[in-house]
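**Student:** The structure that follows is given in the form of structure tokens.
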Amino acid sequence: MAAENGVDLLVAVGGDLAKQLALAAGAAGVPDIALVGDNATAAAYLESILRPGDVVLVKASRGGQLWQIAQALTGQAVTGL
């Protein structure tokens with residue numbers, strides 16, 4: 001679905017399941033893939049590459065606490081559960 005919708009970069013966060021997702025997205029045509037181990041690393045990576053006008057979709061189950069990435073990118077305090 002990411003490739004079908006023109007996603008330029010997919011950042012997968014986690015271990016084996018994230019790796020499978022990243023590989024499938026790349027095989028489907030997403031041109032850039034990054035695999036990181038945790039939310040803090042994902043936020044730092046995105047902060048280093050994002051430019052004004054870029055759009056970021058943060059998608060996961062609540063268990064992944066990916067809202068922490070959105071909080072970090074928008075300058076909010078990062079919270080846990």
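Quick note on naming: the chains in the structure tokens go A, B, ... in the order shown, residues restart at 1 in each chain, and ligands are numbered from 1 in order of appearance.
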Please provide as a list of chain:residue names all residues within 10 Å of Gly26 in chain A, with the sequence filter that same-chain residues fewer than 6 positions apart are discarded (counting only C-alpha atoms).
**Tutor:**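 Those residues are A:Ala2, A:Ala3, A:Leu9, A:Leu10, A:Gln20, A:Asp32, A:Ile33, A:Ala34.
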**Student:** Write out as JSON, numbers by chain which residues come within 12 Å of range 76-81 of chain A when counting only C-alpha atoms, dropping same-chain ones fewer than 5 positions away.
**Tutor:** {"A": [39, 40, 43, 62, 63, 64, 65, 66, 67, 68, 69, 70, 71]}
**Student:** Store the residues of this selection in a file with C-alpha atoms, as an mmCIF file, in the first residue's frame.
**Tutor:**
```
data_model
loop_
_atom_site.group_PDB
_atom_site.id
_atom_site.type_symbol
_atom_site.label_atom_id
_atom_site.label_comp_id
_atom_site.auth_asym_id
_atom_site.auth_seq_id
_atom_site.Cartn_x
_atom_site.Cartn_y
_atom_site.Cartn_z
ATOM 1 C CA ASN A 39 11.594 5.196 18.539
ATOM 2 C CA ALA A 40 14.371 7.549 19.669
ATOM 3 C CA ALA A 43 12.967 10.381 15.576
ATOM 4 C CA ARG A 62 -0.463 1.484 20.376
ATOM 5 C CA GLY A 63 1.975 -1.104 21.702
ATOM 6 C CA GLY A 64 4.749 0.352 19.556
ATOM 7 C CA GLN A 65 4.302 3.766 21.206
ATOM 8 C CA LEU A 66 5.163 5.449 17.911
ATOM 9 C CA TRP A 67 3.375 8.571 19.107
ATOM 10 C CA GLN A 68 6.737 9.238 20.764
ATOM 11 C CA ILE A 69 8.208 9.866 17.303
ATOM 12 C CA ALA A 70 5.445 12.342 16.470
ATOM 13 C CA GLN A 71 5.952 14.062 19.815
#
```
**Student:** Give me the residues within 12 Å of Val55 in chain A as a PDB file with N, CA, C and O atoms, in the first residue's frame, counting only C-alpha atoms and dropping any in the same chain fewer than 5 places off.
**Tutor:**
```
ATOM      1  N   GLY A   6       2.665   6.170  -3.348  1.00  0.00           N
ATOM      2  CA  GLY A   6       3.768   7.083  -3.635  1.00  0.00           C
ATOM      3  C   GLY A   6       4.645   7.444  -2.461  1.00  0.00           C
ATOM      4  O   GLY A   6       5.291   8.496  -2.471  1.00  0.00           O
ATOM      5  N   VAL A   7       4.705   6.598  -1.460  1.00  0.00           N
ATOM      6  CA  VAL A   7       5.577   6.857  -0.316  1.00  0.00           C
ATOM      7  C   VAL A   7       7.030   6.842  -0.782  1.00  0.00           C
ATOM      8  O   VAL A   7       7.444   5.923  -1.490  1.00  0.00           O
ATOM      9  N   ASP A   8       7.778   7.874  -0.413  1.00  0.00           N
ATOM     10  CA  ASP A   8       9.181   7.990  -0.821  1.00  0.00           C
ATOM     11  C   ASP A   8      10.134   7.289   0.139  1.00  0.00           C
ATOM     12  O   ASP A   8      11.190   6.820  -0.269  1.00  0.00           O
ATOM     13  N   LEU A   9       9.771   7.251   1.416  1.00  0.00           N
ATOM     14  CA  LEU A   9      10.637   6.667   2.448  1.00  0.00           C
ATOM     15  C   LEU A   9       9.779   5.980   3.480  1.00  0.00           C
ATOM     16  O   LEU A   9       8.793   6.548   3.966  1.00  0.00           O
ATOM     17  N   LEU A  10      10.137   4.761   3.816  1.00  0.00           N
ATOM     18  CA  LEU A  10       9.488   4.034   4.892  1.00  0.00           C
ATOM     19  C   LEU A  10      10.533   3.774   5.962  1.00  0.00           C
ATOM     20  O   LEU A  10      11.605   3.241   5.658  1.00  0.00           O
ATOM     21  N   LEU A  46      14.754  10.895  11.385  1.00  0.00           N
ATOM     22  CA  LEU A  46      13.820  11.744  10.657  1.00  0.00           C
ATOM     23  C   LEU A  46      14.150  13.224  10.824  1.00  0.00           C
ATOM     24  O   LEU A  46      14.102  13.988   9.859  1.00  0.00           O
ATOM     25  N   ILE A  49      16.750  14.342   8.344  1.00  0.00           N
ATOM     26  CA  ILE A  49      16.494  14.359   6.902  1.00  0.00           C
ATOM     27  C   ILE A  49      15.274  15.157   6.480  1.00  0.00           C
ATOM     28  O   ILE A  49      15.158  15.512   5.316  1.00  0.00           O
ATOM     29  N   LEU A  50      14.343  15.406   7.395  1.00  0.00           N
ATOM     30  CA  LEU A  50      13.110  16.104   7.022  1.00  0.00           C
ATOM     31  C   LEU A  50      13.378  17.541   6.643  1.00  0.00           C
ATOM     32  O   LEU A  50      14.238  18.205   7.219  1.00  0.00           O
ATOM     33  N   ALA A  70       6.190  11.131  16.815  1.00  0.00           N
ATOM     34  CA  ALA A  70       5.445  12.342  16.470  1.00  0.00           C
ATOM     35  C   ALA A  70       5.673  13.430  17.510  1.00  0.00           C
ATOM     36  O   ALA A  70       5.856  14.607  17.152  1.00  0.00           O
ATOM     37  N   LEU A  73       9.145  14.929  16.927  1.00  0.00           N
ATOM     38  CA  LEU A  73       9.227  15.729  15.706  1.00  0.00           C
ATOM     39  C   LEU A  73       8.492  17.056  15.817  1.00  0.00           C
ATOM     40  O   LEU A  73       8.812  18.005  15.104  1.00  0.00           O
TER      41      LEU A  73
END
```
**Student:** Could you go through chain A and tell me which residues DSSP, when run on the backbone, assigns to strand (DSSP E or B), listing them as an mmCIF file with all heavy atoms, in the first residue's frame?
**Tutor:**
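Wrote it out as part.cif, contents follow:
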```cif
data_model
loop_
_atom_site.group_PDB
_atom_site.id
_atom_site.type_symbol
_atom_site.label_atom_id
_atom_site.label_comp_id
_atom_site.auth_asym_id
_atom_site.auth_seq_id
_atom_site.Cartn_x
_atom_site.Cartn_y
_atom_site.Cartn_z
ATOM 1 N N LEU A 9 9.771 7.251 1.416
ATOM 2 C CA LEU A 9 10.637 6.667 2.448
ATOM 3 C C LEU A 9 9.779 5.980 3.480
ATOM 4 O O LEU A 9 8.793 6.548 3.966
ATOM 5 C CB LEU A 9 11.460 7.763 3.133
ATOM 6 C CG LEU A 9 12.189 7.362 4.432
ATOM 7 C CD1 LEU A 9 13.294 6.356 4.149
ATOM 8 C CD2 LEU A 9 12.737 8.594 5.121
ATOM 9 N N LEU A 10 10.137 4.761 3.816
ATOM 10 C CA LEU A 10 9.488 4.034 4.892
ATOM 11 C C LEU A 10 10.533 3.774 5.962
ATOM 12 O O LEU A 10 11.605 3.241 5.658
ATOM 13 C CB LEU A 10 8.912 2.709 4.387
ATOM 14 C CG LEU A 10 8.149 1.921 5.439
ATOM 15 C CD1 LEU A 10 6.827 1.439 4.876
ATOM 16 C CD2 LEU A 10 8.973 0.776 5.962
ATOM 17 N N VAL A 11 10.236 4.182 7.185
ATOM 18 C CA VAL A 11 11.120 3.912 8.322
ATOM 19 C C VAL A 11 10.415 2.871 9.175
ATOM 20 O O VAL A 11 9.355 3.134 9.742
ATOM 21 C CB VAL A 11 11.401 5.187 9.144
ATOM 22 C CG1 VAL A 11 12.303 4.860 10.333
ATOM 23 C CG2 VAL A 11 12.032 6.268 8.271
ATOM 24 N N ALA A 12 10.980 1.690 9.253
ATOM 25 C CA ALA A 12 10.425 0.610 10.059
ATOM 26 C C ALA A 12 11.171 0.579 11.393
ATOM 27 O O ALA A 12 12.398 0.659 11.426
ATOM 28 C CB ALA A 12 10.572 -0.717 9.334
ATOM 29 N N VAL A 13 10.411 0.451 12.476
ATOM 30 C CA VAL A 13 10.983 0.488 13.823
ATOM 31 C C VAL A 13 10.760 -0.861 14.490
ATOM 32 O O VAL A 13 9.630 -1.323 14.608
ATOM 33 C CB VAL A 13 10.327 1.604 14.673
ATOM 34 C CG1 VAL A 13 10.936 1.642 16.071
ATOM 35 C CG2 VAL A 13 10.456 2.958 13.984
ATOM 36 N N ASP A 32 13.043 4.247 -0.873
ATOM 37 C CA ASP A 32 13.988 4.350 0.242
ATOM 38 C C ASP A 32 13.406 3.693 1.478
ATOM 39 O O ASP A 32 12.265 3.971 1.870
ATOM 40 C CB ASP A 32 14.321 5.816 0.556
ATOM 41 C CG ASP A 32 15.179 6.447 -0.526
ATOM 42 O OD1 ASP A 32 16.161 5.812 -0.936
ATOM 43 O OD2 ASP A 32 14.852 7.568 -0.957
ATOM 44 N N ILE A 33 14.213 2.850 2.103
ATOM 45 C CA ILE A 33 13.805 2.098 3.283
ATOM 46 C C ILE A 33 14.856 2.290 4.366
ATOM 47 O O ILE A 33 16.057 2.246 4.080
ATOM 48 C CB ILE A 33 13.706 0.578 2.974
ATOM 49 C CG1 ILE A 33 12.771 0.306 1.799
ATOM 50 C CG2 ILE A 33 13.299 -0.204 4.206
ATOM 51 C CD1 ILE A 33 11.331 0.613 2.035
ATOM 52 N N ALA A 34 14.401 2.503 5.586
ATOM 53 C CA ALA A 34 15.310 2.547 6.739
ATOM 54 C C ALA A 34 14.748 1.623 7.808
ATOM 55 O O ALA A 34 13.541 1.579 8.024
ATOM 56 C CB ALA A 34 15.445 3.966 7.272
ATOM 57 N N LEU A 35 15.612 0.902 8.468
ATOM 58 C CA LEU A 35 15.230 0.023 9.573
ATOM 59 C C LEU A 35 15.997 0.479 10.792
ATOM 60 O O LEU A 35 17.237 0.527 10.761
ATOM 61 C CB LEU A 35 15.556 -1.437 9.247
ATOM 62 C CG LEU A 35 15.264 -2.464 10.335
ATOM 63 C CD1 LEU A 35 13.776 -2.491 10.680
ATOM 64 C CD2 LEU A 35 15.727 -3.848 9.893
ATOM 65 N N VAL A 36 15.275 0.844 11.849
ATOM 66 C CA VAL A 36 15.906 1.295 13.093
ATOM 67 C C VAL A 36 15.358 0.477 14.250
ATOM 68 O O VAL A 36 14.282 -0.099 14.160
ATOM 69 C CB VAL A 36 15.680 2.806 13.330
ATOM 70 C CG1 VAL A 36 16.304 3.640 12.218
ATOM 71 C CG2 VAL A 36 14.205 3.137 13.474
#
```
**Student:** Which of chain A end up as helix (DSSP H, G or I) when DSSP is run on this backbone - answer as JSON, numbers by chain?
**Tutor:** {"A": [16, 17, 18, 19, 20, 21, 22, 23, 24, 25, 26, 27, 28, 39, 40, 41, 42, 43, 44, 45, 46, 47, 48, 49, 62, 63, 64, 67, 68, 69, 70, 71, 72, 73]}
**Student:** For Gly15 in chain A, which residue among A:Ala42, A:Met1, A:Gly37, A:Ala28 is the nearest when counting only C-alpha atoms?
**Tutor:** A:Gly37
**Student:** Using only C-alpha atoms, pick whichever of A:Asp38, A:Glu4, A:Glu47, A:Asp54 has the shortest atom-to-atom distance to Gly75 in chain A.
**Tutor:** A:Glu47
**Student:** Between A:Leu23, A:Gly14, A:Asn5, A:Thr74, which one has atoms that come closest to Ala60 in chain A, using only C-alpha atoms?
**Tutor:**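 Ranking A:Leu23, A:Gly14, A:Asn5, A:Thr74 by distance to Ala60 in chain A, first place goes to A:Gly14.
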